[in-house]
Amino acid sequence: MRVLLVDDEKELVSAMAERLAFRGIEADWVTDGRQAVEKAKSTPYDVIVLDVKMPGASGHAVMETIKRFLPRAGFVFLTGHTSVEDKARGEAAGAAFYLMKPLKIDILVEKLKAAAEAAKEKPHGT
Amino acid sequence: MPQFWREQGGAEGGRPLFNYRRMWRQTVFVTLAVALIPLFAMAAINYFEYSRTLHNELIAPMDGLAASTARSVSFFLEERKSALSFVVADKPYTDLVRTEELSEILVHLKRAFGGFIDLGLIGQDGVQWAYSGPYSLEGKDYRGQEWFQEVVMQGVYISPVFTGFRRYPHFVIAVKNESAGGSYILRATIDTQTLTDLAGAGGGDEGADALIVSQDGFLQTPSRYYGKILEKFWFPVPKDALGSPRTAEAVDPRGERVIVTCQAVPRSPFVFVLVKRSPKLLPGWISLRRKLVGFFTLSALGIAIVVLAVCTFLVSRIFEADRRRAALLHKAEYTNKLASLGRLAAGVAHEINNPLAIINEKAGLLKDMIHIVPDFPNRGKAEDITDSILQSVERCSTITHRLLGFARHIDVSTETIYLDAMLKEVLGFLEKESQYRSISVALSFEENLAPIESDRGQLQQVFLNILNNAFAAVEDGGEIRIAARSMADDMVEIRISDNGCGISPENLKLIFEPFFTTKGRKGTGLGLSITYGIVQKLGGNIEVESRQGIGTTFIITLPRKQKA
């Protein structure tokens, strides 16, 4: 399973990538939406983890762009402040999970796997 | 006493919008004035109008009659006085001193004028020299008599009625003649019957009396009701009755209400008196006046009662509205405060969650490395350190999550809830503690209490928060009572009471404020403010009653159904 972590906090995503690697998950990380789109164009990620609030494009906007060329990728949102409305909006747009920072690594792994499974089962084009 | 009379502070302790006492007084004053002044004016106008009518109807005719009768009497007296003056001027003393001559003059006077009884000539020494008449009065000495003194001094004199030498009521007219050979007086006695006739002509009506009295108040003519001639007349004759007639209302010795008109007869000692009892007009007038006064009094009383009642009612309503407004304002202020605090809390939580996540990942990575690297120096201690960091992160995240929960728009997901089952479920969380501290929990639910539609998770949080507080408040072996019953307007009331330490009045005001806590570092001060927010969102209300040393009761009212 290949995962892309997108968050403007470099320290967060780098450490998280290393921890995932210890758990057998290959994770790349970038710190803004533009880089994320570039990266996704060259690599077929199974799951993309996005921060909701980032400088430049928001997590939601990045998801919409990547979905166009990676239709079978799963999306997980990671946020410092979630509201019921945000959650509903994210899920409606196709995000598998809406997770709150900070979270335990085991839970993240579990959700990533679930998101990857869900994405594979998605009918093509949705 | 209405509540606003006592209340001088606002509903929430602030300054009241109005001074209710002053408002009440002003309203009462203005309303009473507007209502009573016209009534009073009407009553006064009526009173004066009727007085005037009474005067026109009753008094004016009496005055007229009195004046004309007095004029007649005056004319009668003047006529006789003039006749006597003519005689003394015309006849020489030598003629008058002869009795035959005097008798002849008396016959002429009787024939021409009438009313003469006798005629006498009296010298300046007071001795009657000549006399003609039915009595033998020749040689009588009049020096000691009052009328004689008067006529010597004034020249002409009309006496009041008296009995004199002849022991029979009469009065005299005397004129003095001054001549070179000395003065003498011609004196004529006048029949009082003539006066009686003249007076009687004025008062023929039933119940009326017409009479003549002397200026010192003795009857000069017999009266129909008030006694014989020369008796004292009951009504004090006014001394100034010489000009226009004097009229007064009085109660006579018979106990009758009468109107008395007095008119002095000019140049005489007589006063004509007309007494009239009006059986028709006067009692009518009196009863009318009584009715008028009664009507006025009753109306004024009625108006006053209505005005007082209406003003009290209106001011009470204003007072109530003012109080409600103050309470609403207070509530709105509180809600606003909660909302801004919520926004602040959310911002803080969000900003803290990001660095917290970094700490979490870094510490986690360190832990992973300790795990993976073989022969990690001081592995045990290093693992303890990282675990401790991760636990602290979790504690922090619990707080930030609660803060966010406080701020979050609560999404109400409704389901049917049986309150008794839910409360038992919540009490399950606290079972261990209640057993350990031997706290008794008594549940009393209204029989067949219908289920409500509400948010399960949020209600659980509400009850858990309140029960947690109750457990904290009671001593070991304390008692907690939970009661639920249905209320009007499709509401349900849940009361959770404890017999714990109670809350001081100053803390009671702050109990739902965010970050207010009495638990020191153990509490976040968010429990009850979150509870308050949730109950409000669920369309309910929460109140607290507490007495120090006796206990605290939380009263939660919830709607049976959520509004769509």
# chains A, B, ... in the order shown; residues from 1 in each chain; ligands from 1
call {"tool": "interface_residues", "arguments": {"of": "chain B", "to": "chain A", "cutoff": "6 Å", "atoms": "only C-alpha atoms", "output": "ChimeraX atom specification"}}
result
/B:350,353-354,357-358,361-362,365
call {"tool": "write_last_selection", "arguments": {"atoms": "C-alpha atoms", "output": "short mmCIF file (atom, residue, chain, number, x, y, z; two decimals), in the first residue's frame"}}
result
data_model
loop_
_atom_site.label_atom_id
_atom_site.label_comp_id
_atom_site.auth_asym_id
_atom_site.auth_seq_id
_atom_site.Cartn_x
_atom_site.Cartn_y
_atom_site.Cartn_z
CA HIS B 350 -7.28 24.15 16.78
CA ASN B 353 -3.95 20.42 18.17
CA ASN B 354 -1.35 20.91 15.40
CA ALA B 357 0.04 16.20 16.78
CA ILE B 358 3.74 16.89 16.07
CA GLU B 361 4.25 11.78 16.13
CA LYS B 362 7.77 12.60 17.28
CA LEU B 365 8.60 7.77 16.34
#
call {"tool": "select_by_dssp", "arguments": {"residues": "stretch 381-511 of chain B", "states": "alpha helix (DSSP H)", "output": "PyMOL selection string"}}
result
chain B and resi 381-407+419-429+431-436+456-473+505-510
call {"tool": "write_last_selection", "arguments": {"atoms": "C-alpha atoms", "output": "CSV table (one decimal), in the first residue's frame"}}
result
chain,number,residue,atom,x,y,z
B,381,LYS,CA,13.5,4.2,31.1
B,382,ALA,CA,13.4,5.6,27.5
B,383,GLU,CA,10.1,3.7,26.9
B,384,ASP,CA,8.7,5.1,30.2
B,385,ILE,CA,9.6,8.6,29.0
B,386,THR,CA,8.0,8.3,25.6
B,387,ASP,CA,4.9,6.6,27.2
B,388,SER,CA,4.7,9.5,29.6
B,389,ILE,CA,4.9,12.0,26.8
B,390,LEU,CA,2.2,10.2,24.8
B,391,GLN,CA,-0.1,10.0,27.8
B,392,SER,CA,0.3,13.8,28.4
B,393,VAL,CA,-0.5,14.3,24.7
B,394,GLU,CA,-3.6,12.3,25.2
B,395,ARG,CA,-4.6,14.3,28.3
B,396,CYS,CA,-4.1,17.5,26.3
B,397,SER,CA,-6.1,16.2,23.4
B,398,THR,CA,-9.0,15.2,25.8
B,399,ILE,CA,-9.1,18.9,26.9
B,400,THR,CA,-8.9,20.3,23.4
B,401,HIS,CA,-11.6,17.9,22.2
B,402,ARG,CA,-13.9,18.9,25.1
B,403,LEU,CA,-13.2,22.6,24.3
B,404,LEU,CA,-14.2,21.9,20.7
B,405,GLY,CA,-17.2,19.9,21.9
B,406,PHE,CA,-18.2,23.0,23.8
B,407,ALA,CA,-17.9,25.2,20.7
B,419,LEU,CA,-35.9,8.4,30.6
B,420,ASP,CA,-36.0,5.7,33.3
B,421,ALA,CA,-34.0,3.3,31.3
B,422,MET,CA,-31.5,6.0,30.3
B,423,LEU,CA,-31.0,7.2,33.8
B,424,LYS,CA,-30.5,3.7,35.0
B,425,GLU,CA,-27.9,3.3,32.2
B,426,VAL,CA,-26.1,6.4,33.3
B,427,LEU,CA,-26.2,5.4,36.9
B,428,GLY,CA,-24.5,2.2,35.8
B,429,PHE,CA,-21.3,4.3,35.2
B,431,GLU,CA,-22.4,2.1,40.3
B,432,LYS,CA,-19.0,1.3,41.6
B,433,GLU,CA,-18.6,4.6,43.3
B,434,SER,CA,-22.0,4.5,44.9
B,435,GLN,CA,-21.4,1.1,46.3
B,436,TYR,CA,-17.9,2.0,47.5
B,456,ARG,CA,-29.3,10.1,23.3
B,457,GLY,CA,-25.6,10.8,23.5
B,458,GLN,CA,-26.1,14.4,24.5
B,459,LEU,CA,-28.7,13.6,27.1
B,460,GLN,CA,-26.4,11.0,28.6
B,461,GLN,CA,-23.7,13.7,28.9
B,462,VAL,CA,-26.2,16.0,30.6
B,463,PHE,CA,-27.2,13.4,33.2
B,464,LEU,CA,-23.7,12.2,33.7
B,465,ASN,CA,-22.4,15.7,34.3
B,466,ILE,CA,-25.1,16.5,36.9
B,467,LEU,CA,-24.8,13.1,38.6
B,468,ASN,CA,-21.0,13.5,38.8
B,469,ASN,CA,-21.5,16.8,40.5
B,470,ALA,CA,-24.1,15.3,42.9
B,471,PHE,CA,-21.7,12.5,43.8
B,472,ALA,CA,-18.9,15.0,44.4
B,473,ALA,CA,-21.2,17.1,46.6
B,505,PRO,CA,-25.5,32.1,46.6
B,506,GLU,CA,-22.6,33.8,45.0
B,507,ASN,CA,-21.4,30.6,43.4
B,508,LEU,CA,-25.0,29.8,42.3
B,509,LYS,CA,-24.9,32.8,40.0
B,510,LEU,CA,-21.8,31.6,38.3
call {"tool": "residues_around", "arguments": {"residues": "stretch 262-273 of chain B", "least_positions_apart": "5", "cutoff": "6 Å", "atoms": "only C-alpha atoms", "output": "PyMOL selection string"}}
result
chain B and resi 66+70+74+160+210-215+241-242+245-246
call {"tool": "write_last_selection", "arguments": {"atoms": "C-alpha atoms", "output": "compact mmCIF listing (two decimals), in the first residue's frame"}}
result
# COMPACT_ATOMS: atom_id res chain seq x y z
CA ALA B 66 -92.87 91.02 51.63
CA ALA B 70 -94.22 96.44 53.89
CA SER B 74 -95.72 102.04 55.46
CA PRO B 160 -94.73 99.56 68.68
CA ALA B 210 -97.73 86.57 57.69
CA LEU B 211 -97.20 88.79 60.63
CA ILE B 212 -95.61 91.95 61.88
CA VAL B 213 -93.04 91.98 64.63
CA SER B 214 -91.34 94.80 66.41
CA GLN B 215 -87.67 95.40 65.79
CA ALA B 241 -83.84 94.27 57.07
CA LEU B 242 -84.51 97.86 56.10
CA PRO B 245 -85.89 91.65 52.12
CA ARG B 246 -83.79 89.17 54.08
call {"tool": "residues_around", "arguments": {"residues": "stretch 530-544 of chain B", "least_positions_apart": "6", "cutoff": "7 Å", "atoms": "only C-alpha atoms", "output": "CSV table (one decimal) with C-alpha atoms, in the first residue's frame"}}
result
chain,number,residue,atom,x,y,z
B,406,PHE,CA,-18.2,23.0,23.8
B,454,SER,CA,-34.2,13.6,22.0
B,458,GLN,CA,-26.1,14.4,24.5
B,462,VAL,CA,-26.2,16.0,30.6
B,512,PHE,CA,-23.3,27.7,34.4
B,553,THR,CA,-31.6,20.3,43.1
B,554,PHE,CA,-31.1,20.5,39.4
B,555,ILE,CA,-34.4,20.8,37.5
B,556,ILE,CA,-34.2,20.0,33.8
B,557,THR,CA,-37.2,20.4,31.6
B,558,LEU,CA,-37.2,18.9,28.2
B,559,PRO,CA,-39.7,19.0,25.4
call {"tool": "atom_distance", "arguments": {"atom1": "atom CA of B:Val152", "atom2": "atom CA of B:Ala83"}}
result
18.9 Å
call {"tool": "residues_around", "arguments": {"residues": "A:Trp29", "least_positions_apart": "3", "cutoff": "6 Å", "atoms": "only C-alpha atoms", "output": "list in words"}}
result
Leu4, Leu5 and Val6 of chain A
call {"tool": "select_by_dssp", "arguments": {"residues": "chain A", "states": "strand (DSSP E or B)", "output": "list in words"}}
result
Arg2, Val3, Leu4, Leu5, Val6, Glu26, Ala27, Asp28, Trp29, Val30, Val47, Ile48, Val49, Leu50, Asp51, Gly74, Phe75, Val76, Phe77, Leu78, Thr79, Phe97, Tyr98, Leu99 and Met100 of chain A
call {"tool": "write_last_selection", "arguments": {"atoms": "N, CA and C atoms", "output": "PDB file, in the first residue's frame"}}
result
ATOM      1  N   ARG A   2       0.607   2.150  -0.913  1.00  0.00           N
ATOM      2  CA  ARG A   2       1.382   3.398  -0.971  1.00  0.00           C
ATOM      3  C   ARG A   2       0.495   4.567  -0.531  1.00  0.00           C
ATOM      4  N   VAL A   3       1.067   5.367   0.322  1.00  0.00           N
ATOM      5  CA  VAL A   3       0.283   6.464   0.914  1.00  0.00           C
ATOM      6  C   VAL A   3       1.014   7.786   0.689  1.00  0.00           C
ATOM      7  N   LEU A   4       0.271   8.840   0.436  1.00  0.00           N
ATOM      8  CA  LEU A   4       0.844  10.190   0.349  1.00  0.00           C
ATOM      9  C   LEU A   4       0.286  11.022   1.498  1.00  0.00           C
ATOM     10  N   LEU A   5       1.209  11.602   2.288  1.00  0.00           N
ATOM     11  CA  LEU A   5       0.779  12.450   3.405  1.00  0.00           C
ATOM     12  C   LEU A   5       0.942  13.912   2.992  1.00  0.00           C
ATOM     13  N   VAL A   6      -0.116  14.704   3.142  1.00  0.00           N
ATOM     14  CA  VAL A   6      -0.056  16.119   2.763  1.00  0.00           C
ATOM     15  C   VAL A   6      -0.436  16.983   3.972  1.00  0.00           C
ATOM     16  N   GLU A  26       4.319   2.162   2.878  1.00  0.00           N
ATOM     17  CA  GLU A  26       5.218   3.057   2.167  1.00  0.00           C
ATOM     18  C   GLU A  26       4.542   4.417   2.075  1.00  0.00           C
ATOM     19  N   ALA A  27       5.141   5.417   2.708  1.00  0.00           N
ATOM     20  CA  ALA A  27       4.471   6.719   2.732  1.00  0.00           C
ATOM     21  C   ALA A  27       5.406   7.818   2.242  1.00  0.00           C
ATOM     22  N   ASP A  28       4.919   8.637   1.312  1.00  0.00           N
ATOM     23  CA  ASP A  28       5.638   9.832   0.868  1.00  0.00           C
ATOM     24  C   ASP A  28       4.975  11.019   1.540  1.00  0.00           C
ATOM     25  N   TRP A  29       5.699  12.114   1.626  1.00  0.00           N
ATOM     26  CA  TRP A  29       5.044  13.290   2.208  1.00  0.00           C
ATOM     27  C   TRP A  29       5.403  14.556   1.457  1.00  0.00           C
ATOM     28  N   VAL A  30       4.501  15.475   1.385  1.00  0.00           N
ATOM     29  CA  VAL A  30       4.715  16.813   0.809  1.00  0.00           C
ATOM     30  C   VAL A  30       4.054  17.835   1.732  1.00  0.00           C
ATOM     31  N   VAL A  47      -3.874   5.541  -0.958  1.00  0.00           N
ATOM     32  CA  VAL A  47      -4.609   6.451  -0.059  1.00  0.00           C
ATOM     33  C   VAL A  47      -3.844   7.773   0.031  1.00  0.00           C
ATOM     34  N   ILE A  48      -4.569   8.867   0.069  1.00  0.00           N
ATOM     35  CA  ILE A  48      -3.944  10.172   0.244  1.00  0.00           C
ATOM     36  C   ILE A  48      -4.513  10.817   1.503  1.00  0.00           C
ATOM     37  N   VAL A  49      -3.609  11.177   2.440  1.00  0.00           N
ATOM     38  CA  VAL A  49      -4.019  11.797   3.706  1.00  0.00           C
ATOM     39  C   VAL A  49      -3.832  13.304   3.567  1.00  0.00           C
ATOM     40  N   LEU A  50      -4.894  14.053   3.778  1.00  0.00           N
ATOM     41  CA  LEU A  50      -4.857  15.503   3.533  1.00  0.00           C
ATOM     42  C   LEU A  50      -5.206  16.304   4.791  1.00  0.00           C
ATOM     43  N   ASP A  51      -4.456  17.380   4.985  1.00  0.00           N
ATOM     44  CA  ASP A  51      -4.862  18.343   6.025  1.00  0.00           C
ATOM     45  C   ASP A  51      -5.978  19.201   5.424  1.00  0.00           C
ATOM     46  N   GLY A  74      -8.067   6.326  -2.190  1.00  0.00           N
ATOM     47  CA  GLY A  74      -8.910   6.659  -1.038  1.00  0.00           C
ATOM     48  C   GLY A  74      -8.407   7.951  -0.407  1.00  0.00           C
ATOM     49  N   PHE A  75      -9.300   8.663   0.217  1.00  0.00           N
ATOM     50  CA  PHE A  75      -8.889   9.930   0.839  1.00  0.00           C
ATOM     51  C   PHE A  75      -9.231   9.929   2.326  1.00  0.00           C
ATOM     52  N   VAL A  76      -8.275  10.397   3.109  1.00  0.00           N
ATOM     53  CA  VAL A  76      -8.512  10.534   4.557  1.00  0.00           C
ATOM     54  C   VAL A  76      -8.164  11.970   4.937  1.00  0.00           C
ATOM     55  N   PHE A  77      -9.052  12.613   5.659  1.00  0.00           N
ATOM     56  CA  PHE A  77      -8.755  13.979   6.101  1.00  0.00           C
ATOM     57  C   PHE A  77      -8.269  13.973   7.533  1.00  0.00           C
ATOM     58  N   LEU A  78      -7.313  14.853   7.776  1.00  0.00           N
ATOM     59  CA  LEU A  78      -6.744  14.967   9.113  1.00  0.00           C
ATOM     60  C   LEU A  78      -6.853  16.443   9.484  1.00  0.00           C
ATOM     61  N   THR A  79      -7.494  16.740  10.603  1.00  0.00           N
ATOM     62  CA  THR A  79      -7.716  18.161  10.891  1.00  0.00           C
ATOM     63  C   THR A  79      -7.559  18.467  12.372  1.00  0.00           C
ATOM     64  N   PHE A  97     -12.536   8.959   5.581  1.00  0.00           N
ATOM     65  CA  PHE A  97     -12.551   9.268   7.015  1.00  0.00           C
ATOM     66  C   PHE A  97     -12.196  10.719   7.274  1.00  0.00           C
ATOM     67  N   TYR A  98     -12.655  11.186   8.394  1.00  0.00           N
ATOM     68  CA  TYR A  98     -12.382  12.535   8.845  1.00  0.00           C
ATOM     69  C   TYR A  98     -11.809  12.395  10.236  1.00  0.00           C
ATOM     70  N   LEU A  99     -10.502  12.584  10.384  1.00  0.00           N
ATOM     71  CA  LEU A  99      -9.851  12.263  11.659  1.00  0.00           C
ATOM     72  C   LEU A  99      -9.325  13.525  12.323  1.00  0.00           C
ATOM     73  N   MET A 100      -9.283  13.455  13.642  1.00  0.00           N
ATOM     74  CA  MET A 100      -8.925  14.602  14.452  1.00  0.00           C
ATOM     75  C   MET A 100      -7.498  14.462  14.967  1.00  0.00           C
TER      76      MET A 100
END
call {"tool": "decode", "arguments": {"residues": "stretch 39-53 of chain A", "atoms": "N, CA and C atoms", "output": "PDB file, in the first residue's frame"}}
result
ATOM      1  N   LYS A  39       2.985  15.054  -7.220  1.00  0.00           N
ATOM      2  CA  LYS A  39       3.387  13.726  -6.742  1.00  0.00           C
ATOM      3  C   LYS A  39       2.370  12.669  -7.166  1.00  0.00           C
ATOM      4  N   ALA A  40       1.124  12.998  -7.063  1.00  0.00           N
ATOM      5  CA  ALA A  40       0.068  12.030  -7.357  1.00  0.00           C
ATOM      6  C   ALA A  40       0.034  11.699  -8.845  1.00  0.00           C
ATOM      7  N   LYS A  41       0.505  12.665  -9.669  1.00  0.00           N
ATOM      8  CA  LYS A  41       0.494  12.431 -11.113  1.00  0.00           C
ATOM      9  C   LYS A  41       1.493  11.331 -11.482  1.00  0.00           C
ATOM     10  N   SER A  42       2.600  11.285 -10.720  1.00  0.00           N
ATOM     11  CA  SER A  42       3.650  10.322 -11.072  1.00  0.00           C
ATOM     12  C   SER A  42       3.507   8.989 -10.344  1.00  0.00           C
ATOM     13  N   THR A  43       2.769   8.989  -9.256  1.00  0.00           N
ATOM     14  CA  THR A  43       2.674   7.746  -8.467  1.00  0.00           C
ATOM     15  C   THR A  43       1.213   7.392  -8.204  1.00  0.00           C
ATOM     16  N   PRO A  44       0.855   6.133  -8.456  1.00  0.00           N
ATOM     17  CA  PRO A  44      -0.542   5.737  -8.184  1.00  0.00           C
ATOM     18  C   PRO A  44      -0.740   5.383  -6.703  1.00  0.00           C
ATOM     19  N   TYR A  45      -0.988   6.390  -5.878  1.00  0.00           N
ATOM     20  CA  TYR A  45      -1.184   6.136  -4.440  1.00  0.00           C
ATOM     21  C   TYR A  45      -2.510   5.441  -4.180  1.00  0.00           C
ATOM     22  N   ASP A  46      -2.488   4.596  -3.139  1.00  0.00           N
ATOM     23  CA  ASP A  46      -3.747   3.931  -2.742  1.00  0.00           C
ATOM     24  C   ASP A  46      -4.587   4.866  -1.865  1.00  0.00           C
ATOM     25  N   VAL A  47      -3.874   5.541  -0.958  1.00  0.00           N
ATOM     26  CA  VAL A  47      -4.609   6.451  -0.059  1.00  0.00           C
ATOM     27  C   VAL A  47      -3.844   7.773   0.031  1.00  0.00           C
ATOM     28  N   ILE A  48      -4.569   8.867   0.069  1.00  0.00           N
ATOM     29  CA  ILE A  48      -3.944  10.172   0.244  1.00  0.00           C
ATOM     30  C   ILE A  48      -4.513  10.817   1.503  1.00  0.00           C
ATOM     31  N   VAL A  49      -3.609  11.177   2.440  1.00  0.00           N
ATOM     32  CA  VAL A  49      -4.019  11.797   3.706  1.00  0.00           C
ATOM     33  C   VAL A  49      -3.832  13.304   3.567  1.00  0.00           C
ATOM     34  N   LEU A  50      -4.894  14.053   3.778  1.00  0.00           N
ATOM     35  CA  LEU A  50      -4.857  15.503   3.533  1.00  0.00           C
ATOM     36  C   LEU A  50      -5.206  16.304   4.791  1.00  0.00           C
ATOM     37  N   ASP A  51      -4.456  17.380   4.985  1.00  0.00           N
ATOM     38  CA  ASP A  51      -4.862  18.343   6.025  1.00  0.00           C
ATOM     39  C   ASP A  51      -5.978  19.201   5.424  1.00  0.00           C
ATOM     40  N   VAL A  52      -6.928  19.589   6.197  1.00  0.00           N
ATOM     41  CA  VAL A  52      -8.043  20.374   5.646  1.00  0.00           C
ATOM     42  C   VAL A  52      -7.580  21.791   5.348  1.00  0.00           C
ATOM     43  N   LYS A  53      -6.914  22.394   6.344  1.00  0.00           N
ATOM     44  CA  LYS A  53      -6.495  23.787   6.181  1.00  0.00           C
ATOM     45  C   LYS A  53      -5.012  23.845   5.843  1.00  0.00           C
TER      46      LYS A  53
END
